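Working notes, beginning with the structure itself.
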Amino acid sequence: MHPASSALDSARVLLSGTSDWVERFAEVLRTRTTASVLTVPTVEETLETVSTDDVDCLVVDYEFDESTGIDLLRSVRAETASLPVVMCTAAGSEAIASEAVAAGVTDYVALDGRTDEWGDDLLERTEQCVRSARRTVTQRDRARQFDAIFHDTETATWVLDPDGSLERANRTARAAIDADIDSVVGRPFWSLPWWSRGARTRADVQRTVERASSGAVGNTEVSVPAGDGTTRTLDLSARPVEDERGELVSIIVEGVDITERVELERDLRRSEELHRVTLNNMTDTVLITNESREYTYVCPNVHFVFGYDAEEIYEQGTIDALLGDDLFDREELAEEGVLKNIECTATDKAGREHRLLVNVREVSIQGGTLLYSCRDITKRKQREDALATLHETTRDFLYAGTHREIAQHIVDDTPSVLDLDASMVYLFDAEENQLRPIAWSSSMEELNGPFPTVHADGKGVTSHSFVEDEPLFFDDVHDAEEFTNRATEIRSAAVIPLGDHGVYVVGSPEVGVFDEVRRELADLLAATAEAALDRVTRETQLREQDRELQRQNAQLTALNRINETIREIDQAIVRAETREEIDHTVCELLTADDRFGFAWIGRADPLTETVDPTAWAGAERGYLDSLTFPVGGAETEPTGRTASTREATTVTNVAARLRAEPWRKEALARDYLSVLSIPLVYNDLTYGVLSVYAETQDAFDETSREVLVELGETIASAISAIERKNALLTTSMTRLEFDVDDPSFVLARLAREADCSLSYDGGVQQTSEGAYVFVTVEEGTVEAVEAAAGDLVAVDGVHRITADGTGGVVRLRLSQPFLALELADHGAVLRTATADPDGTTLVVDIPESVDVRHITGLVGETFTRVELRSKQTFDRASESTLYSRFFEELTDRQLEVVQTAYYSGFFESPRDSTGEEVAETLGISPPAFHKHVRTVQRKLFSTLFDEGGRPTAPQPTAG
């Protein structure tokens with residue numbers, strides 16, 4: 001019997017096939033394990049069972065009546081990649097094994113026909129597949145569990161090395177600091193930015209980590225700064241992680257934000273203290289009595305309302321002496337449980353009457369059954385009467401339309417609200433920084449005299465109140481040093497700011513008239529007046545905003561028209577096939593539907609240094625014939641300025657400087673009142689200038705200008721794309737050969753440092769990691785090139801393809817764009833680049849549709865010294881067609897594989913490198929390498945014979 005601990009005992013094994021070994025192996029499984037065994041004879045039944053049943057392992061035959069086990073394997077892998085599949089065959093071969101491995105088989109077993117020998121082997125290998133699959137699933141589940149715990153958004157987690165240096169931090173921890181996590185990995189945990197509060201915090205963290213290093217769990221609370229400027233409290237715990245031998249492998253540190261809990265505990269302590277303070281200082285008085293109305297508790301603050309202390313209240317015996325004996329109905333209280341807002345009158349120790357609002361509640365507190373809560377509402381009643389009067393007066397403010405009218409209403413309503421006759425209002429003049437007297441009562445003028453304008457400098461009572469926004473009340477102004485008018489008959493005075501609008505002043509010839517109620521009413525009257533002033537200000541601002549919105553709506557309408565035009569142009573240039581079509585379409589759409597008066601596109605001629613028109617539309621009216629457009633000069637036509645500076649030029653008013661710039665007369669004669677010239681630039685190459693003329697001044701605001709400048713970039717990009725497309729289709733080429741002397745060129749520097757000759761003959765690939773370039777090494781060693789490349793910032797990596805004593809081939813990974821890619825963006829091809837210690841030679845092919853001057857200029861801008869050695873023209877009709885068709889068929893990976901194989905000498909006879917060696921270089925399996933090579937060869941022959949020109953049979957000749 002198979003061991004009881006076998007992984008197959010709890011497994012479901014599916015056997016697929018009709019060969020004899022299938023039933024024999026099924027019998028082996030049933031007799032030697034407790035596995036659940038299923039057998040099916042066909043591919044269809046196998047796929048159905050795999051998709052509907054919970055199968056732990058699939059054992060398949062290679063041979064089926066209608067198919068092969070390889071086809072079945074591919075179908076299974078299309079559904080699941082985790083199911084272990086064992087393929088068995090009695091007639092195996094290396095080719096079948098390779099094909100099975102490429103299709104994703106877990107194990108491949110060749111049977112020799114002897115059940116007693118291959119049965120044990122197959123049983124053991126099937127068990128290994130099941131165990132390995134389960135182990136993989138378990139590891140994956142554990143990894144997911146760990147990631148879920150590690151990336152808990154509520155907890156900051158760090159993983160440390162045994163010595164306490166940082167190894168890893170989760171997203172919550174990373175978000176807590178303004179630093180790149182890679183810059184702090186490897187540093188001691190207690191020295192990191194999380195603990196920037198000071199040395200004490202770092203010491204606490206270090207002790208916690210060191211405790212975990214010794215095998216115990218460490219814990220501490222630390223304060224750390226938060227991103228919003230506040231301080232957070234973390235409960236920091238560190239625990240050791242040991243392997244199965246008990247050795248420390250890492251330390252896990254977790255930080256839980258307990259700020260809220262700490263604050264709650266602090267608030268609770270404060271609340272307890274506040275409760276004690278409140279009972280002693282609150283204005284409401286709490287009294288508790290028994291059913292005989294004898295006091296069982298008297299609040300310490302009883303003197304606030306009644307003037308008696310607690311001892312004196314107790315001496316009164318019952319509460320009836322204080323509140324009366326008919327305050328409430330006891331039966332009603334028993335029914336309701338609480339009686340609220342009972343109004344009554346009580347007399348304090350000094351004999352003054354107070355209006356009280358009393359709540360009575362049934363309780364059971366230390367022998368007391370009735371709780372009385374007494375609130376003094378004497379002043380509130382006084383305020384209610386005064387507020388009723390103030391409510392009537394505030395309606396006058398609703399109908400005032402100016403600040404002056406409101407100021408006069410304040411003065412007119414003061415007697416009825418405050419029962420005072422002397423008042424006045426200052427309003428603030430922001431332009432002059434002055435407080436000007438606007439309205440005053442005759443009584444104020446009689447008591448005080450004339451009112452001067454007050455400078456808002458904070459000096460003096462009126463200015464200080466306004467600047468500091470501070471109400472000021474004086475019982476007697478003659479006792480206040482701030483008052484400079486000693487001749488005034490005003491004694492009591494109030495100076496109250498009206499927000500940003502001014503100051504309200506009210507006075508009386510009597511001393512001490514501003515008690516608490518009158519002060520409050522004065523503040524309310526001033527606040528109501530301030531709100532009315534705010535309303536008038538807002539209404540004025542709203543009217544101004546309405547006018548501004550109308551202006552902005554007009555601008556938005558114009559911008560919408562521009563955006564609509566841009567969309568139409570974008571759609572049109574996408575469909576355009578030629579540069580001329582783009583130029584004419586852009587001009588026609590810009591001038592359609594009266595969008596703009598006139599538009600044209602021109603190109604700069606370097607020989608004549610002028611801009612020549614290529615396309616135009618709109619009301620041209622002979623403008624282009626009446627002028628020449630020289631490149632450069634501050635006073636030239638905007639088109640020439642833009643061609644010189646490669647920046648947009650805007651003329652908002654053509655009529656200005658009419659005599660200083662002659663072109664303005666010609667433009668003005670054709671009703672061109674504003675102009676915008678835009679450079680057509682893409683990838684630092686200029687494709688011309690677009691000039692647009694409008695029949696209104698200031699037609700191009702900042703927004704429309706930006707939109708049209710972006711249109712210029714779009715037009716240039718479209719022209720560039722068409723040139724690249726034409727470059728692929730054209731057969732006529734110009735070949736330029738350059739001598740370059742630039743020590744910064746990566747190949748030149750490598751050749752000089754390694755003392756060899758390097759040549760690039762094509763073969764560049766751009767990936768997300770950088771540009772890969774194949775380079776042939778001659779008259780030197782590959783080792784010297786590798787050593788020199790290690791010192792260059794421009795080279796991220798070098799991989800040896802082939803090497804011998806005098807040269808070889810290497811593949812360079814460059815951190816910066818390679819010249820071949822930049823030339824390709826402009827439609828040109830870098831055929832070769834040869835560099836040695838004395839200099840560099842470049843060979844560039846330029847299609848007929850691409851301006852040779854553009855490419856020459858690009859090469860000249862790239863290198864410090866460039867000399868054109870030769871220039872020749874040739875036709876590449878068949879080469880271009882086959883070349884482009886072939887490379888269109890290849891994927892990036894196929895191109896990389898075949899290039900590496902070519903430069904490795906795989907296609908030489910005899911081969912310089914085997915397929916296994918090239919596959920190892922590429923990091924793929926040998927079967928995958930051979931599959932790529934066969935695919936590329938098939939595509940090459942297909943291009944040559946099926947599409948590129950299958951040889952035709954000789955045609956019969958006459959005679």
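Here, A, B, ... name the chains of the structure tokens in the order displayed, residue numbers run from 1 inside each chain, and ligands are numbered from 1 in the same displayed order.
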Discussion item. Residues near segment 341-345 of chain A, anyone? I mean within 6 Å using only C-alpha atoms, not counting same-chain ones fewer than 6 positions away, as number ranges by chain.
Written reply: A: 354-359
Any chance you could export the current selection's C-alpha atoms as a CSV table (one decimal), in the first residue's frame?
chain,number,residue,atom,x,y,z
A,354,HIS,CA,-36.2,88.6,39.5
A,355,ARG,CA,-38.2,86.9,36.8
A,356,LEU,CA,-37.4,83.2,36.9
A,357,LEU,CA,-37.9,80.3,34.6
A,358,VAL,CA,-38.2,77.1,36.7
A,359,ASN,CA,-38.1,73.4,35.6
Worksheet entry | Polymer residues at most 7 Å from Gln872 of chain A, only C-alpha atoms, same-chain spacing of 5 or more positions, as a VMD selection string | chain A and resid 734 to 736
Dump N, CA and C atoms for the selected residues as a PDB file, in the first residue's frame?
ATOM      1  N   THR A 734      17.821  59.936 -50.856  1.00  0.00           N
ATOM      2  CA  THR A 734      19.069  60.688 -50.854  1.00  0.00           C
ATOM      3  C   THR A 734      19.928  60.170 -49.713  1.00  0.00           C
ATOM      4  N   ARG A 735      21.157  59.781 -50.028  1.00  0.00           N
ATOM      5  CA  ARG A 735      22.052  59.243 -49.001  1.00  0.00           C
ATOM      6  C   ARG A 735      23.116  60.299 -48.673  1.00  0.00           C
ATOM      7  N   LEU A 736      23.186  60.661 -47.399  1.00  0.00           N
ATOM      8  CA  LEU A 736      24.165  61.635 -46.930  1.00  0.00           C
ATOM      9  C   LEU A 736      25.186  60.930 -46.040  1.00  0.00           C
TER      10      LEU A 736
END
Worksheet entry | Top pick for closest residue to Gly770 of chain A, considering A:Glu637, A:Glu94, A:Glu822, A:Asp796 and counting only C-alpha atoms | A:Asp796
Practice prompt. May I ask for the distance between atom CA of Arg135 of chain A and atom CA of Trp21 of chain A, given in Å to one decimal place?
Written response: 28.3 Å
Practice prompt. Extract, using only C-alpha atoms, all DNA, RNA and protein residues at most 9 Å from segment 837-841 of chain A, discarding same-chain residues fewer than 5 positions from it, and format them as a list in words.
Written response: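 Result of the neighbour search: Glu737, Phe738, Asp739, Val740, Asp741, Asp742, Pro743, Phe745, Leu747, Ala748, Arg749, Leu750, Ala751, Arg752, Glu753, Ala754, Asp755, Cys756, Ser757 and Thr832 of chain A.
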Take the residues that were just selected and, keeping C-alpha atoms, output them as a PDB file, in the first residue's frame.
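Once written, selection.pdb looks like this:
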ATOM      1  CA  GLU A 737      27.512  60.769 -45.366  1.00  0.00           C
ATOM      2  CA  PHE A 738      28.735  62.882 -42.453  1.00  0.00           C
ATOM      3  CA  ASP A 739      32.053  63.173 -40.635  1.00  0.00           C
ATOM      4  CA  VAL A 740      31.332  63.871 -36.973  1.00  0.00           C
ATOM      5  CA  ASP A 741      33.764  65.039 -34.328  1.00  0.00           C
ATOM      6  CA  ASP A 742      31.849  64.964 -31.039  1.00  0.00           C
ATOM      7  CA  PRO A 743      33.436  63.272 -28.002  1.00  0.00           C
ATOM      8  CA  PHE A 745      28.538  60.751 -28.824  1.00  0.00           C
ATOM      9  CA  LEU A 747      29.801  55.303 -29.750  1.00  0.00           C
ATOM     10  CA  ALA A 748      32.667  57.786 -30.179  1.00  0.00           C
ATOM     11  CA  ARG A 749      33.401  57.851 -26.471  1.00  0.00           C
ATOM     12  CA  LEU A 750      33.239  54.040 -26.214  1.00  0.00           C
ATOM     13  CA  ALA A 751      35.602  53.668 -29.180  1.00  0.00           C
ATOM     14  CA  ARG A 752      38.066  56.145 -27.689  1.00  0.00           C
ATOM     15  CA  GLU A 753      37.984  54.630 -24.174  1.00  0.00           C
ATOM     16  CA  ALA A 754      38.250  51.024 -25.479  1.00  0.00           C
ATOM     17  CA  ASP A 755      40.724  51.908 -28.291  1.00  0.00           C
ATOM     18  CA  CYS A 756      38.748  50.048 -30.948  1.00  0.00           C
ATOM     19  CA  SER A 757      36.401  50.552 -33.885  1.00  0.00           C
ATOM     20  CA  THR A 832      25.423  53.026 -40.418  1.00  0.00           C
TER      21      THR A 832
END
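The residue set within 12 Å of Asp163 of chain A, counting only C-alpha atoms and dropping same-chain residues fewer than 6 places from it, reads Gly186, Arg187, Pro188, Phe189, Trp190, Gln206, Val209, Glu210, Arg211, Ala212, Ser213, Ser214, Pro240, Leu248, Val249, Ser250 and Ile251 of chain A.
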Please produce a file of the residues just selected, as an mmCIF file, in the first residue's frame, where the atoms kept are N, CA and C atoms.
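Output saved as out.cif:
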data_model
loop_
_atom_site.group_PDB
_atom_site.id
_atom_site.type_symbol
_atom_site.label_atom_id
_atom_site.label_comp_id
_atom_site.auth_asym_id
_atom_site.auth_seq_id
_atom_site.Cartn_x
_atom_site.Cartn_y
_atom_site.Cartn_z
ATOM 1 N N GLY A 186 17.493 50.513 4.325
ATOM 2 C CA GLY A 186 18.837 50.150 4.737
ATOM 3 C C GLY A 186 19.360 50.972 5.891
ATOM 4 N N ARG A 187 18.665 52.064 6.253
ATOM 5 C CA ARG A 187 19.109 52.896 7.378
ATOM 6 C C ARG A 187 18.500 52.388 8.683
ATOM 7 N N PRO A 188 19.148 52.637 9.834
ATOM 8 C CA PRO A 188 18.565 52.226 11.118
ATOM 9 C C PRO A 188 17.181 52.813 11.286
ATOM 10 N N PHE A 189 16.257 51.995 11.758
ATOM 11 C CA PHE A 189 14.854 52.377 11.816
ATOM 12 C C PHE A 189 14.641 53.632 12.658
ATOM 13 N N TRP A 190 15.349 53.755 13.783
ATOM 14 C CA TRP A 190 15.128 54.879 14.685
ATOM 15 C C TRP A 190 15.701 56.197 14.157
ATOM 16 N N GLN A 206 14.325 53.245 19.346
ATOM 17 C CA GLN A 206 15.486 52.355 19.329
ATOM 18 C C GLN A 206 15.365 51.290 20.428
ATOM 19 N N VAL A 209 12.893 48.615 19.324
ATOM 20 C CA VAL A 209 13.443 47.701 18.319
ATOM 21 C C VAL A 209 14.472 46.766 18.944
ATOM 22 N N GLU A 210 15.306 47.289 19.822
ATOM 23 C CA GLU A 210 16.332 46.443 20.450
ATOM 24 C C GLU A 210 15.695 45.383 21.332
ATOM 25 N N ARG A 211 14.572 45.693 21.933
ATOM 26 C CA ARG A 211 13.874 44.676 22.734
ATOM 27 C C ARG A 211 13.371 43.549 21.837
ATOM 28 N N ALA A 212 12.840 43.902 20.661
ATOM 29 C CA ALA A 212 12.411 42.863 19.727
ATOM 30 C C ALA A 212 13.610 42.079 19.207
ATOM 31 N N SER A 213 14.769 42.735 19.032
ATOM 32 C CA SER A 213 15.972 42.042 18.572
ATOM 33 C C SER A 213 16.412 40.974 19.568
ATOM 34 N N SER A 214 16.121 41.207 20.873
ATOM 35 C CA SER A 214 16.504 40.234 21.889
ATOM 36 C C SER A 214 15.480 39.125 22.047
ATOM 37 N N PRO A 240 9.570 40.096 17.204
ATOM 38 C CA PRO A 240 10.554 39.347 16.409
ATOM 39 C C PRO A 240 9.879 38.288 15.548
ATOM 40 N N LEU A 248 16.479 34.629 14.654
ATOM 41 C CA LEU A 248 15.804 35.873 14.259
ATOM 42 C C LEU A 248 16.076 36.166 12.784
ATOM 43 N N VAL A 249 15.012 36.300 12.011
ATOM 44 C CA VAL A 249 15.164 36.587 10.583
ATOM 45 C C VAL A 249 14.700 38.001 10.239
ATOM 46 N N SER A 250 13.779 38.550 11.009
ATOM 47 C CA SER A 250 13.324 39.915 10.752
ATOM 48 C C SER A 250 12.543 40.426 11.949
ATOM 49 N N ILE A 251 12.232 41.719 11.900
ATOM 50 C CA ILE A 251 11.446 42.366 12.954
ATOM 51 C C ILE A 251 10.279 43.087 12.283
#
Item to complete: State, in Å with one decimal place, the distance from atom CA of Arg659 of chain A to atom CA of Leu680 of chain A.
Response: 30.0 Å
Discussion item. Quick check, in Å to one decimal: how far apart do atom CA of Asn170 of chain A and atom CA of Trp158 of chain A lie?
Written reply: 6.6 Å
Discussion item. Give me the residues near Val782 of chain A as a PyMOL selection string, where near means some atom within 8 Å (using only C-alpha atoms) and where sequence neighbours in that chain fewer than 4 positions away do not count.
Written reply: chain A and resi 777+786+800+803-804+807-810
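Of the residues under consideration (A:Gln571, A:Thr639, A:Asn553, A:Ser815), A:Gln571 shows the shortest atom-to-atom contact distance to Thr714 of chain A when counting only C-alpha atoms.
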Name the residues of segment 568-659 of chain A that fall into strand (DSSP E or B) according to DSSP on the backbone, using the chain letters and numbers of this document, as an mmCIF file with N, CA and C atoms, in the first residue's frame.
data_model
loop_
_atom_site.group_PDB
_atom_site.id
_atom_site.type_symbol
_atom_site.label_atom_id
_atom_site.label_comp_id
_atom_site.auth_asym_id
_atom_site.auth_seq_id
_atom_site.Cartn_x
_atom_site.Cartn_y
_atom_site.Cartn_z
ATOM 1 N N PHE A 598 -9.251 86.404 -42.706
ATOM 2 C CA PHE A 598 -8.267 85.933 -43.671
ATOM 3 C C PHE A 598 -7.243 85.067 -42.936
ATOM 4 N N ALA A 599 -6.780 83.988 -43.590
ATOM 5 C CA ALA A 599 -5.753 83.122 -42.996
ATOM 6 C C ALA A 599 -4.874 82.579 -44.112
ATOM 7 N N TRP A 600 -3.575 82.465 -43.866
ATOM 8 C CA TRP A 600 -2.659 81.882 -44.845
ATOM 9 C C TRP A 600 -1.507 81.195 -44.143
ATOM 10 N N ILE A 601 -0.896 80.244 -44.867
ATOM 11 C CA ILE A 601 0.247 79.485 -44.370
ATOM 12 C C ILE A 601 1.411 79.707 -45.323
ATOM 13 N N GLY A 602 2.583 79.970 -44.766
ATOM 14 C CA GLY A 602 3.770 80.175 -45.580
ATOM 15 C C GLY A 602 4.960 79.440 -45.019
ATOM 16 N N ARG A 603 5.992 79.265 -45.880
ATOM 17 C CA ARG A 603 7.227 78.600 -45.463
ATOM 18 C C ARG A 603 8.394 79.545 -45.705
ATOM 19 N N ALA A 604 9.356 79.494 -44.810
ATOM 20 C CA ALA A 604 10.530 80.356 -44.928
ATOM 21 C C ALA A 604 11.497 79.793 -45.963
ATOM 22 N N ASP A 605 11.947 80.655 -46.892
ATOM 23 C CA ASP A 605 12.938 80.292 -47.898
ATOM 24 C C ASP A 605 14.301 80.774 -47.400
ATOM 25 N N THR A 610 12.798 85.073 -46.852
ATOM 26 C CA THR A 610 11.426 85.573 -46.807
ATOM 27 C C THR A 610 10.495 84.383 -46.600
ATOM 28 N N VAL A 611 9.243 84.675 -46.216
ATOM 29 C CA VAL A 611 8.211 83.660 -46.061
ATOM 30 C C VAL A 611 7.337 83.674 -47.295
ATOM 31 N N ASP A 612 7.271 82.514 -47.996
ATOM 32 C CA ASP A 612 6.495 82.413 -49.226
ATOM 33 C C ASP A 612 5.161 81.741 -48.950
ATOM 34 N N PRO A 613 4.037 82.313 -49.401
ATOM 35 C CA PRO A 613 2.717 81.707 -49.160
ATOM 36 C C PRO A 613 2.597 80.366 -49.882
ATOM 37 N N THR A 614 1.965 79.405 -49.220
ATOM 38 C CA THR A 614 1.676 78.095 -49.819
ATOM 39 C C THR A 614 0.186 77.813 -49.882
ATOM 40 N N ALA A 615 -0.605 78.415 -49.000
ATOM 41 C CA ALA A 615 -2.054 78.214 -49.008
ATOM 42 C C ALA A 615 -2.699 79.387 -48.290
ATOM 43 N N TRP A 616 -3.925 79.772 -48.740
ATOM 44 C CA TRP A 616 -4.642 80.868 -48.097
ATOM 45 C C TRP A 616 -6.132 80.742 -48.391
ATOM 46 N N ALA A 617 -6.933 81.444 -47.586
ATOM 47 C CA ALA A 617 -8.385 81.450 -47.759
ATOM 48 C C ALA A 617 -8.941 82.677 -47.051
ATOM 49 N N GLY A 618 -10.167 83.058 -47.447
ATOM 50 C CA GLY A 618 -10.806 84.228 -46.853
ATOM 51 C C GLY A 618 -10.639 85.465 -47.718
ATOM 52 N N PRO A 630 9.732 89.468 -45.040
ATOM 53 C CA PRO A 630 11.094 89.120 -44.625
ATOM 54 C C PRO A 630 11.106 88.461 -43.244
ATOM 55 N N THR A 649 3.162 85.526 -32.453
ATOM 56 C CA THR A 649 3.179 86.994 -32.458
ATOM 57 C C THR A 649 1.740 87.482 -32.544
ATOM 58 N N THR A 650 1.370 88.365 -31.610
ATOM 59 C CA THR A 650 0.003 88.886 -31.566
ATOM 60 C C THR A 650 0.029 90.402 -31.736
ATOM 61 N N VAL A 651 -0.809 90.903 -32.626
ATOM 62 C CA VAL A 651 -1.007 92.343 -32.792
ATOM 63 C C VAL A 651 -2.466 92.611 -32.478
#
For Ala572 of chain A, please output as a CSV table (one decimal) with C-alpha atoms, in the first residue's frame all residues within 9 Å (counting only C-alpha atoms; exclusion window: fewer than 3 positions along the same chain).
chain,number,residue,atom,x,y,z
A,567,ARG,CA,-12.5,70.2,-33.8
A,568,GLU,CA,-13.4,70.5,-37.5
A,569,ILE,CA,-9.7,71.2,-38.3
A,575,ARG,CA,-8.2,62.5,-43.1
A,576,ALA,CA,-5.7,64.5,-45.1
A,582,ILE,CA,-3.6,70.1,-44.7
A,585,THR,CA,-8.1,72.8,-45.3
A,586,VAL,CA,-6.8,74.7,-42.2
Discussion item. Could you list, as a PyMOL selection string, every residue within 7 Å of Ala643 of chain A, counting only C-alpha atoms and ignoring same-chain residues fewer than 6 positions away?
Written reply: chain A and resi 604+631+679+689
Discussion item. Please determine, counting only C-alpha atoms, which residue among A:Thr283, A:Ser98, A:Thr33, A:Thr378 has the shortest atom-to-atom distance to Ser10 of chain A.
Written reply: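 Ranked by minimum distance to Ser10 of chain A, first place goes to A:Thr33.
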Item to complete: Extract the full set of alpha helix (DSSP H) residues from segment 496-546 of chain A according to DSSP on the backbone, and format it as JSON, numbers by chain.
Response: {"A": [516, 517, 518, 519, 520, 521, 522, 523, 524, 525, 526, 527, 528, 529, 530, 531, 532, 533, 534, 535, 536, 537, 538, 539, 540, 541, 542, 543, 544, 545, 546]}
